[in-house]
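**Q** Contents of work.cif (mmCIF, C-alpha atoms) are given next:
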```cif
data_work
#
loop_
_atom_site.label_atom_id
_atom_site.label_comp_id
_atom_site.auth_asym_id
_atom_site.auth_seq_id
_atom_site.Cartn_x
_atom_site.Cartn_y
_atom_site.Cartn_z
CA MET V 29 -14.13 22.32 -18.06
CA LYS V 30 -17.50 22.86 -19.67
CA ASP V 31 -20.48 24.32 -17.83
CA SER V 32 -22.69 21.55 -19.21
CA TRP V 33 -20.70 18.86 -17.44
CA LEU V 34 -21.97 17.60 -14.09
CA CYS V 35 -19.77 16.82 -11.11
CA ARG V 36 -21.49 14.80 -8.40
CA ASP V 37 -20.95 12.22 -5.65
CA TYR V 38 -21.07 8.51 -6.32
CA GLU V 39 -24.52 6.97 -6.10
CA SER V 40 -25.38 3.29 -5.73
CA GLY V 41 -25.32 1.67 -9.16
CA ASP V 42 -22.63 3.98 -10.57
CA GLU V 43 -20.07 1.22 -10.05
CA TYR V 44 -21.02 -0.42 -13.35
CA GLN V 45 -20.15 2.71 -15.33
CA ILE V 46 -17.02 3.13 -13.21
CA LEU V 47 -15.84 -0.39 -14.09
CA SER V 48 -16.54 0.30 -17.76
CA LEU V 49 -14.54 3.56 -17.61
CA TYR V 50 -11.72 1.73 -15.83
CA LYS V 51 -11.48 -0.70 -18.75
CA GLN V 52 -11.54 2.12 -21.32
CA VAL V 53 -8.76 4.00 -19.54
CA THR V 54 -6.47 1.18 -18.44
CA GLY V 55 -7.28 -1.62 -20.84
CA GLY V 56 -7.67 -3.95 -17.85
CA GLU V 57 -10.58 -5.49 -16.02
CA MET V 58 -11.66 -4.80 -12.44
CA SER V 59 -14.15 -7.21 -10.94
CA LEU V 60 -17.19 -5.92 -9.08
CA ASP V 61 -16.10 -7.92 -6.02
CA PHE V 62 -12.67 -6.26 -6.02
CA TRP V 63 -14.30 -2.84 -6.37
CA LYS V 64 -16.62 -3.55 -3.42
CA TRP V 65 -13.71 -4.85 -1.33
CA LYS V 66 -11.86 -1.56 -1.81
CA PHE V 67 -14.68 0.93 -1.59
CA GLU V 68 -17.32 -0.71 0.60
CA ARG V 69 -15.59 -3.15 2.95
CA GLY V 70 -12.54 -1.21 4.15
CA PRO V 71 -11.72 -1.34 7.86
CA PHE V 72 -11.73 2.45 8.22
CA GLY V 73 -14.89 3.27 6.29
CA LYS V 74 -16.35 3.47 2.80
CA GLY V 75 -14.66 5.26 -0.07
CA ILE V 76 -15.32 8.84 -1.16
CA ILE V 77 -15.90 9.04 -4.91
CA LYS V 78 -16.47 12.05 -7.16
CA LEU V 79 -17.69 11.61 -10.74
CA MET V 80 -17.88 13.83 -13.83
CA PHE V 81 -20.59 13.33 -16.44
CA ASP V 82 -21.15 14.68 -19.93
CA GLY V 83 -24.87 14.07 -20.15
CA ASP V 84 -25.29 10.42 -19.19
CA LYS V 85 -21.70 9.57 -20.08
CA LEU V 86 -19.19 9.08 -17.27
CA ILE V 87 -16.02 10.94 -18.28
CA GLY V 88 -14.08 11.32 -15.01
CA HIS V 89 -13.54 9.59 -11.69
CA TYR V 90 -11.53 10.43 -8.57
CA SER V 91 -11.64 8.38 -5.39
CA VAL V 92 -10.06 7.95 -1.97
CA ILE V 93 -10.58 5.43 0.81
CA PRO V 94 -10.15 6.12 4.54
CA MET V 95 -6.86 4.70 5.74
CA ASN V 96 -6.00 5.79 9.25
CA ILE V 97 -2.35 6.28 10.07
CA GLU V 98 -0.30 6.88 13.19
CA ILE V 99 2.22 9.71 13.39
CA GLN V 100 4.54 9.09 16.32
CA SER V 101 1.82 6.89 17.86
CA TRP V 102 -0.85 9.60 17.47
CA PRO V 103 -3.89 8.52 15.39
CA VAL V 104 -4.49 10.72 12.35
CA ARG V 105 -7.39 10.37 9.92
CA ALA V 106 -6.07 10.07 6.38
CA VAL V 107 -7.27 8.96 2.97
CA PHE V 108 -5.57 6.85 0.34
CA SER V 109 -5.88 8.07 -3.26
CA LEU V 110 -6.45 5.50 -6.00
CA ASN V 111 -8.13 4.84 -9.36
CA THR V 112 -7.83 8.26 -11.01
CA LEU V 113 -9.67 7.95 -14.33
CA THR V 114 -10.36 10.36 -17.20
CA HIS V 115 -12.07 9.17 -20.38
CA PRO V 116 -9.57 9.03 -23.30
CA ASP V 117 -11.66 11.49 -25.34
CA TYR V 118 -11.65 14.10 -22.55
CA GLN V 119 -7.98 14.25 -21.55
CA GLY V 120 -6.34 17.60 -20.81
CA GLN V 121 -9.55 19.48 -19.98
CA GLY V 122 -9.15 19.86 -16.22
CA ILE V 123 -11.39 16.99 -15.14
CA PHE V 124 -8.78 15.32 -12.93
CA THR V 125 -7.93 18.56 -11.10
CA CYS V 126 -11.58 19.54 -10.59
CA LEU V 127 -12.60 16.16 -9.20
CA ALA V 128 -9.58 15.96 -6.91
CA ARG V 129 -10.26 19.41 -5.45
CA GLU V 130 -13.91 18.56 -4.83
CA THR V 131 -12.85 15.33 -3.14
CA TYR V 132 -10.34 17.11 -0.91
CA LYS V 133 -12.95 19.69 0.14
CA GLU V 134 -15.21 16.92 1.35
CA CYS V 135 -12.34 15.10 3.04
CA GLN V 136 -11.38 18.22 4.98
CA HIS V 137 -15.02 18.79 5.95
CA LEU V 138 -15.18 15.22 7.28
CA GLY V 139 -12.10 15.74 9.42
CA PHE V 140 -9.45 13.97 7.40
CA ARG V 141 -5.99 15.50 7.74
CA LEU V 142 -4.04 14.28 4.74
CA VAL V 143 -4.08 12.28 1.51
CA TYR V 144 -1.37 10.01 0.18
CA GLY V 145 -0.90 7.48 -2.59
CA PHE V 146 1.27 5.75 -5.16
CA PRO V 147 0.33 7.38 -8.48
CA ASN V 148 1.71 6.64 -11.93
CA GLY V 149 3.85 9.22 -13.67
CA ASN V 150 1.00 11.20 -15.25
CA ALA V 151 -1.06 11.47 -12.07
CA TYR V 152 2.08 12.21 -10.03
CA HIS V 153 2.78 15.26 -12.17
CA GLY V 154 -0.76 16.59 -11.74
CA LEU V 155 -0.85 15.95 -8.00
CA THR V 156 2.48 17.64 -7.31
CA LYS V 157 2.17 20.52 -9.78
CA ARG V 158 -1.49 21.46 -9.42
CA LEU V 159 -2.85 19.95 -6.22
CA GLY V 160 -0.21 20.73 -3.62
CA TRP V 161 1.15 17.24 -3.03
CA GLN V 162 4.70 16.80 -1.87
CA GLY V 163 6.32 14.24 -4.14
CA PHE V 164 9.03 11.83 -3.06
CA GLY V 165 9.78 10.22 -6.42
CA LYS V 166 9.78 6.50 -7.03
CA MET V 167 9.53 3.98 -4.23
CA ASN V 168 12.71 2.37 -2.96
CA LEU V 169 13.10 -1.25 -4.03
CA LEU V 170 15.18 -3.90 -2.28
CA HIS V 171 15.99 -6.89 -4.48
CA LYS V 172 17.77 -10.22 -4.16
CA GLY V 173 18.61 -12.96 -6.64
CA LEU V 174 17.90 -16.41 -5.25
CA GLN V 175 19.42 -18.59 -7.98
CA GLU V 176 22.63 -19.17 -6.08
CA GLU V 177 21.49 -18.99 -2.49
CA ALA V 178 24.59 -19.30 -0.32
CA TYR V 179 25.02 -21.62 2.64
CA ARG V 180 23.34 -20.12 5.67
CA PRO V 181 25.10 -20.15 9.04
CA GLN V 182 23.08 -21.43 11.97
CA LEU V 183 21.05 -18.88 13.85
CA SER V 184 21.62 -18.41 17.55
CA LYS V 185 20.30 -21.00 19.98
CA HIS V 186 17.24 -18.79 20.57
CA VAL V 187 15.88 -19.34 17.09
CA HIS V 188 12.20 -18.44 16.87
CA LYS V 189 9.73 -20.86 15.34
CA ILE V 190 7.86 -19.99 12.16
CA TYR V 191 4.21 -20.88 11.61
CA GLN V 192 2.03 -20.45 8.54
CA ILE V 193 -1.35 -18.95 9.41
CA GLU V 194 -4.72 -18.46 7.71
CA ARG V 195 -5.90 -15.40 9.68
CA PHE V 196 -4.38 -12.83 11.98
CA GLY V 197 -5.43 -13.16 15.60
CA GLU V 198 -5.37 -11.13 18.79
CA ASP V 199 -1.64 -11.86 19.16
CA ILE V 200 -1.06 -9.50 16.23
CA ASN V 201 -2.76 -6.65 18.08
CA THR V 202 -0.49 -7.35 21.04
CA LEU V 203 2.55 -7.26 18.74
CA TRP V 204 1.37 -4.04 17.11
CA HIS V 205 0.90 -2.23 20.43
CA GLU V 206 4.40 -3.27 21.50
CA VAL V 207 6.15 -1.97 18.37
CA GLU V 208 4.01 0.98 17.21
CA GLY V 209 6.18 3.52 19.01
CA GLU V 210 9.14 2.59 16.81
CA TYR V 211 7.54 3.96 13.63
CA ASN V 212 7.19 7.63 12.77
CA VAL V 213 4.41 7.29 10.18
CA ILE V 214 2.59 4.00 9.59
CA VAL V 215 -0.81 2.46 8.92
CA PRO V 216 -1.63 0.54 12.13
CA ARG V 217 -0.94 -3.15 11.59
CA SER V 218 -3.94 -4.35 13.58
CA LYS V 219 -5.56 -7.71 12.99
CA GLU V 220 -8.62 -5.91 11.54
CA PHE V 221 -6.54 -4.14 8.91
CA LEU V 222 -4.38 -7.17 8.11
CA ASN V 223 -7.32 -9.55 7.74
CA TRP V 224 -9.10 -7.14 5.40
CA ARG V 225 -5.93 -6.57 3.43
CA TYR V 226 -4.52 -10.10 3.15
CA VAL V 227 -7.26 -12.57 4.12
CA GLU V 228 -10.43 -11.07 2.68
CA HIS V 229 -8.84 -9.90 -0.58
CA PRO V 230 -11.09 -11.35 -3.30
CA GLN V 231 -8.37 -12.02 -5.89
CA VAL V 232 -5.10 -12.94 -4.20
CA ASN V 233 -4.16 -15.73 -1.82
CA TYR V 234 -1.27 -14.39 0.27
CA PRO V 235 0.99 -16.86 2.14
CA LYS V 236 1.23 -15.54 5.71
CA TYR V 237 3.67 -16.50 8.47
CA VAL V 238 4.25 -15.50 12.06
CA THR V 239 7.33 -16.08 14.19
CA ARG V 240 7.06 -16.85 17.90
CA ASP V 241 9.66 -16.96 20.66
CA ASN V 242 10.28 -19.83 23.05
CA SER V 243 7.39 -18.74 25.26
CA GLY V 244 4.95 -18.81 22.32
CA LYS V 245 4.73 -15.02 22.02
CA THR V 246 4.28 -13.68 18.48
CA VAL V 247 7.20 -11.37 17.68
CA GLY V 248 6.75 -10.81 13.95
CA TYR V 249 4.91 -11.66 10.74
CA ILE V 250 5.52 -11.68 6.99
CA VAL V 251 3.16 -11.72 3.99
CA LEU V 252 4.22 -12.96 0.54
CA LYS V 253 2.93 -12.81 -3.01
CA THR V 254 3.98 -14.31 -6.33
CA PHE V 255 3.96 -11.76 -9.14
CA ARG V 256 3.67 -13.14 -12.66
CA ALA V 257 4.37 -10.91 -15.62
CA GLU V 258 4.66 -11.81 -19.29
CA ASN V 259 8.41 -12.43 -19.17
CA GLU V 260 9.18 -13.05 -15.52
CA THR V 261 7.96 -14.31 -12.17
CA ILE V 262 9.08 -12.50 -9.01
CA GLY V 263 8.55 -13.17 -5.34
CA HIS V 264 7.33 -10.21 -3.32
CA ILE V 265 7.54 -9.56 0.38
CA VAL V 266 4.40 -7.45 0.48
CA ASP V 267 4.46 -6.82 4.23
CA ILE V 268 6.69 -7.51 7.21
CA LEU V 269 6.62 -6.29 10.80
CA SER V 270 8.67 -7.46 13.74
CA MET V 271 9.99 -6.55 17.11
CA ASN V 272 13.55 -5.22 16.96
CA ASP V 273 14.91 -8.77 17.06
CA GLU V 274 17.52 -9.68 14.45
CA ASP V 275 16.90 -13.42 14.71
CA ALA V 276 13.16 -12.97 14.26
CA ILE V 277 13.56 -10.74 11.20
CA ARG V 278 16.18 -13.00 9.65
CA GLY V 279 13.99 -16.05 10.19
CA LEU V 280 11.06 -14.38 8.42
CA ILE V 281 13.21 -13.28 5.49
CA ARG V 282 14.70 -16.75 5.08
CA THR V 283 11.24 -18.25 5.23
CA ALA V 284 10.33 -16.02 2.28
CA SER V 285 13.45 -17.08 0.37
CA ASP V 286 12.74 -20.77 1.01
CA TYR V 287 9.13 -20.37 -0.07
CA PHE V 288 10.04 -18.82 -3.41
CA LEU V 289 13.00 -21.14 -4.03
CA ASP V 290 10.72 -24.14 -3.55
CA LYS V 291 8.52 -22.70 -6.31
CA GLY V 292 11.46 -22.19 -8.65
CA ILE V 293 11.32 -18.40 -8.38
CA GLY V 294 14.75 -16.83 -8.69
CA ASN V 295 14.16 -13.24 -7.59
CA ILE V 296 12.64 -11.61 -4.54
CA SER V 297 11.90 -7.94 -3.92
CA CYS V 298 10.12 -5.58 -1.53
CA TRP V 299 9.63 -1.94 -0.66
CA MET V 300 11.40 -0.70 2.40
CA GLN V 301 11.89 2.97 3.30
CA GLY V 302 14.17 4.63 5.81
CA ASN V 303 16.50 2.97 8.26
CA TYR V 304 14.18 0.59 10.04
CA SER V 305 15.66 -2.58 11.52
CA CYS V 306 14.37 -4.75 8.67
CA VAL V 307 16.57 -2.89 6.20
CA ASP V 308 19.86 -3.76 7.93
CA VAL V 309 18.94 -7.42 8.20
CA MET V 310 17.81 -7.57 4.58
CA LYS V 311 21.07 -6.04 3.39
CA ALA V 312 22.99 -8.56 5.49
CA GLU V 313 20.93 -11.28 3.79
CA GLY V 314 21.98 -10.07 0.34
CA PHE V 315 19.28 -7.59 -0.63
CA ILE V 316 20.46 -4.55 -2.60
CA ARG V 317 18.84 -1.31 -3.71
CA LYS V 318 17.65 -1.51 -7.29
CA GLU V 319 16.24 1.20 -9.55
CA GLN V 320 12.67 0.81 -10.72
CA THR V 321 12.59 0.29 -14.48
CA THR V 322 8.91 1.17 -14.91
CA PRO V 323 7.19 4.56 -14.48
CA TYR V 324 5.13 3.16 -11.61
CA PRO V 325 4.92 3.68 -8.71
CA TYR V 326 5.71 7.06 -7.26
CA PHE V 327 4.87 8.18 -3.75
CA GLY V 328 3.43 11.47 -2.54
CA VAL V 329 1.38 13.10 0.18
CA GLY V 330 -0.84 16.16 0.53
CA ALA V 331 -2.17 17.90 3.64
CA PHE V 332 -5.63 19.40 4.14
CA GLY V 333 -5.41 22.79 5.79
CA GLN V 334 -2.65 23.69 8.23
CA VAL V 335 -0.04 21.06 9.07
CA ASP V 336 0.75 20.99 12.79
CA LYS V 337 3.93 19.73 14.42
CA LEU V 338 2.88 16.11 13.91
CA GLY V 339 2.33 16.76 10.23
CA GLY V 340 5.96 17.73 9.84
CA ASN V 341 6.83 14.07 10.08
CA ILE V 342 5.06 13.32 6.81
CA LYS V 343 7.40 15.58 4.83
CA SER V 344 10.23 13.06 4.77
CA SER V 345 9.70 9.78 2.94
CA ALA V 346 12.24 8.16 5.29
CA ASN V 347 9.74 8.64 8.15
CA TRP V 348 7.12 6.51 6.42
CA TYR V 349 7.04 2.76 7.00
CA LEU V 350 5.75 1.61 3.64
CA THR V 351 5.60 -1.87 2.20
CA MET V 352 4.06 -3.09 -1.03
CA GLY V 353 0.97 -4.01 0.94
CA ASP V 354 0.30 -0.34 1.63
CA ASP V 355 -0.64 -0.03 -2.04
CA CYS V 356 -3.87 -1.97 -1.69
CA ASP V 357 -4.82 -1.21 -5.29
CA VAL V 358 -1.91 -3.02 -6.98
CA PHE V 359 -0.21 -5.49 -4.67
#
```
As structure tokens - that is how I would like this structure written.

**A**
Amino acid sequence: MKDSWLCRDYESGDEYQILSLYKQVTGGEMSLDFWKWKFERGPFGKGIIKLMFDGDKLIGHYSVIPMNIEIQSWPVRAVFSLNTLTHPDYQGQGIFTCLARETYKECQHLGFRLVYGFPNGNAYHGLTKRLGWQGFGKMNLLHKGLQEEAYRPQLSKHVHKIYQIERFGEDINTLWHEVEGEYNVIVPRSKEFLNWRYVEHPQVNYPKYVTRDNSGKTVGYIVLKTFRAENETIGHIVDILSMNDEDAIRGLIRTASDYFLDKGIGNISCWMQGNYSCVDVMKAEGFIRKEQTTPYPYFGVGAFGQVDKLGGNIKSSANWYLTMGDDCDVF
């Protein structure tokens, strides 16, 4: 760190230099609309961004966005870490660590309790070794090949009906309040969060389905995404939530399989931690654990100040209900 460098908060208009730095660091493009969606339109508040300048040149960027979570049904103010950037000519000079610490000081002052995220390998090392994060390694991946989908036995006579939807309604809030006590650590799946995440996203059109019982009550939902890489196309279950109802979960999973099969996609995958009910049904439907072959993503969490008895729940990755949709920067 040089004394001549300036660390300061984001100011309106800085986003253009931020997008330029993003391209220099990652080689990819981020649209201004996508940036605003993440940092200005979030359901829990605007992002907190710290910047490092060498004169007029932006050389470092660290940011978080408010992302409330529930720990055993208790609301806890948290932030989600994303878009760590250091100019290629300034690597290894402490910029990342300095900006992160300044960000965390402000977060603690504002009453946030913890930070979490899905960093790449380089950031993961810095966060766990220098910034006090507890690292949990790579995310668990469940995968299934769809090329030879086997004959499916009939579900029970109480099969739930599946409906494709455009937006999440008040029925989702009712579902969330009925199931929230089953999850140790989770971002509340309210209609406000889900609509921001999957309906108002400026770049991705997510197929969304709900399942309802014979009385018309919504008992679960699923969100899908098609991922296209240079050499492969994969179907993703980016989010799923359901009452503890095997038929409902199975119906949602089979809806996902049918959707991707109809599009000629032969593989389907998702993130799923712990021993939640979805995992057992997915395994029964042919999903298996598969090692990640890329260095991304890892998962980790850091606490601001003292961790009380509720905070102890965050120290086990199995307590977190995490789907691909929780990484709002990538999926």

**Q** Record the distance separating atom CA of Ser40 of chain V and atom CA of Gly88 of chain V, expressed in Å with one decimal.

**A**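 Separation of atom CA of Ser40 of chain V and atom CA of Gly88 of chain V: 16.7 Å.
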
**Q** When you draw a straight line from atom CA of Asn111 of chain V to atom CA of Phe221 of chain V, how long is it in Å?

**A** 20.4 Å

**Q** I need the residue set behind the PyMOL selection byres ((chain V and resi 58) around 12) for this file; please write it as an MDAnalysis selection string.

**A** chainID V and resid 43:57 59:66 111 230:231 357:358

**Q** For each of V:Tyr349, V:Phe140, V:Trp299, V:Phe327, take the minimum atom-to-atom distance to His171 of chain V, counting all atoms listed in the file, then give the residue where this is smallest.

**A**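 When distances to His171 of chain V are compared using all atoms listed in the file, the smallest one comes from V:Trp299.
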
**Q** Can you turn the PyMOL selection byres ((chain V and resi 293) around 9) into a concrete residue list for this file, as an NGL selection string?

**A** :V and (174-175 or 254 or 261-263 or 287-292 or 294-296)

**Q** By how many Å are atom CA of Gln136 of chain V and atom CA of Lys343 of chain V apart?

**A**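 So the answer is 19.0 Å.
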
**Q** Would you mind telling me which residue in V:Gly330, V:Gln100, V:Ala106, V:Glu130 lies nearest to Leu79 of chain V when using all atoms listed in the file?

**A**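 Answer, going by the shortest atom-to-atom distance: V:Glu130.
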
**Q** Going by the chain IDs and residue numbers used in this file, which residues fall under the PyMOL selection byres ((chain V and resi 196) around 12)? Write them as number ranges by chain.

**A** V: 191-195, 197-204, 217-228, 235-238, 246, 248-251

**Q** Go ahead and find all residues with at least one atom no further than 12 Å from (1.8, 16.2, -9.1) in the file's coordinates, using all atoms listed in the file; report them as a ChimeraX atom specification.

**A** /V:124-125,128,144-165,326-330

**Q** Give the answer as one residue: which of V:Ile316, V:Val215, V:Leu280, V:Cys126 has the shortest atom-to-atom distance to Val104 of chain V, using all atoms listed in the file?

**A**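 Closest to Val104 of chain V, using all atoms listed in the file: V:Val215.
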
**Q** Quick one: what's the axis-aligned box for segment 326-335 of chain V, all listed atoms, 3 Å on every side, centre and edges in Å to one decimal, as JSON?

**A**
```
{"center_x": 0.0, "center_y": 15.4, "center_z": 0.9, "size_x": 17.3, "size_y": 22.6, "size_z": 22.3}
```

**Q** Output as a PDB file, in the frame of the given file: segment 33-45 of chain V, completed with N, CA and C atoms.

**A**
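selection35.pdb written:
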```pdb
ATOM      1  N   TRP V  33     -21.094  20.080 -18.126  1.00  0.00           N
ATOM      2  CA  TRP V  33     -20.700  18.860 -17.440  1.00  0.00           C
ATOM      3  C   TRP V  33     -21.184  18.888 -15.992  1.00  0.00           C
ATOM      4  N   LEU V  34     -21.456  17.713 -15.453  1.00  0.00           N
ATOM      5  CA  LEU V  34     -21.970  17.600 -14.090  1.00  0.00           C
ATOM      6  C   LEU V  34     -20.975  16.844 -13.220  1.00  0.00           C
ATOM      7  N   CYS V  35     -20.600  17.477 -12.113  1.00  0.00           N
ATOM      8  CA  CYS V  35     -19.770  16.820 -11.110  1.00  0.00           C
ATOM      9  C   CYS V  35     -20.672  16.462  -9.924  1.00  0.00           C
ATOM     10  N   ARG V  36     -20.657  15.216  -9.533  1.00  0.00           N
ATOM     11  CA  ARG V  36     -21.490  14.800  -8.400  1.00  0.00           C
ATOM     12  C   ARG V  36     -20.841  13.645  -7.641  1.00  0.00           C
ATOM     13  N   ASP V  37     -21.415  13.350  -6.454  1.00  0.00           N
ATOM     14  CA  ASP V  37     -20.950  12.220  -5.650  1.00  0.00           C
ATOM     15  C   ASP V  37     -21.398  10.903  -6.270  1.00  0.00           C
ATOM     16  N   TYR V  38     -20.664   9.870  -5.937  1.00  0.00           N
ATOM     17  CA  TYR V  38     -21.070   8.510  -6.320  1.00  0.00           C
ATOM     18  C   TYR V  38     -22.437   8.179  -5.741  1.00  0.00           C
ATOM     19  N   GLU V  39     -23.239   7.502  -6.541  1.00  0.00           N
ATOM     20  CA  GLU V  39     -24.520   6.970  -6.100  1.00  0.00           C
ATOM     21  C   GLU V  39     -24.560   5.468  -6.374  1.00  0.00           C
ATOM     22  N   SER V  40     -25.283   4.731  -5.557  1.00  0.00           N
ATOM     23  CA  SER V  40     -25.380   3.290  -5.730  1.00  0.00           C
ATOM     24  C   SER V  40     -25.795   2.939  -7.161  1.00  0.00           C
ATOM     25  N   GLY V  41     -25.081   2.050  -7.775  1.00  0.00           N
ATOM     26  CA  GLY V  41     -25.320   1.670  -9.160  1.00  0.00           C
ATOM     27  C   GLY V  41     -24.321   2.261 -10.119  1.00  0.00           C
ATOM     28  N   ASP V  42     -23.643   3.357  -9.711  1.00  0.00           N
ATOM     29  CA  ASP V  42     -22.630   3.980 -10.570  1.00  0.00           C
ATOM     30  C   ASP V  42     -21.437   3.065 -10.808  1.00  0.00           C
ATOM     31  N   GLU V  43     -21.267   2.059  -9.939  1.00  0.00           N
ATOM     32  CA  GLU V  43     -20.070   1.220 -10.050  1.00  0.00           C
ATOM     33  C   GLU V  43     -19.954   0.525 -11.402  1.00  0.00           C
ATOM     34  N   TYR V  44     -21.075   0.269 -12.060  1.00  0.00           N
ATOM     35  CA  TYR V  44     -21.020  -0.420 -13.350  1.00  0.00           C
ATOM     36  C   TYR V  44     -20.424   0.490 -14.427  1.00  0.00           C
ATOM     37  N   GLN V  45     -20.785   1.763 -14.409  1.00  0.00           N
ATOM     38  CA  GLN V  45     -20.150   2.710 -15.330  1.00  0.00           C
ATOM     39  C   GLN V  45     -18.686   2.943 -14.947  1.00  0.00           C
TER      40      GLN V  45
END
```
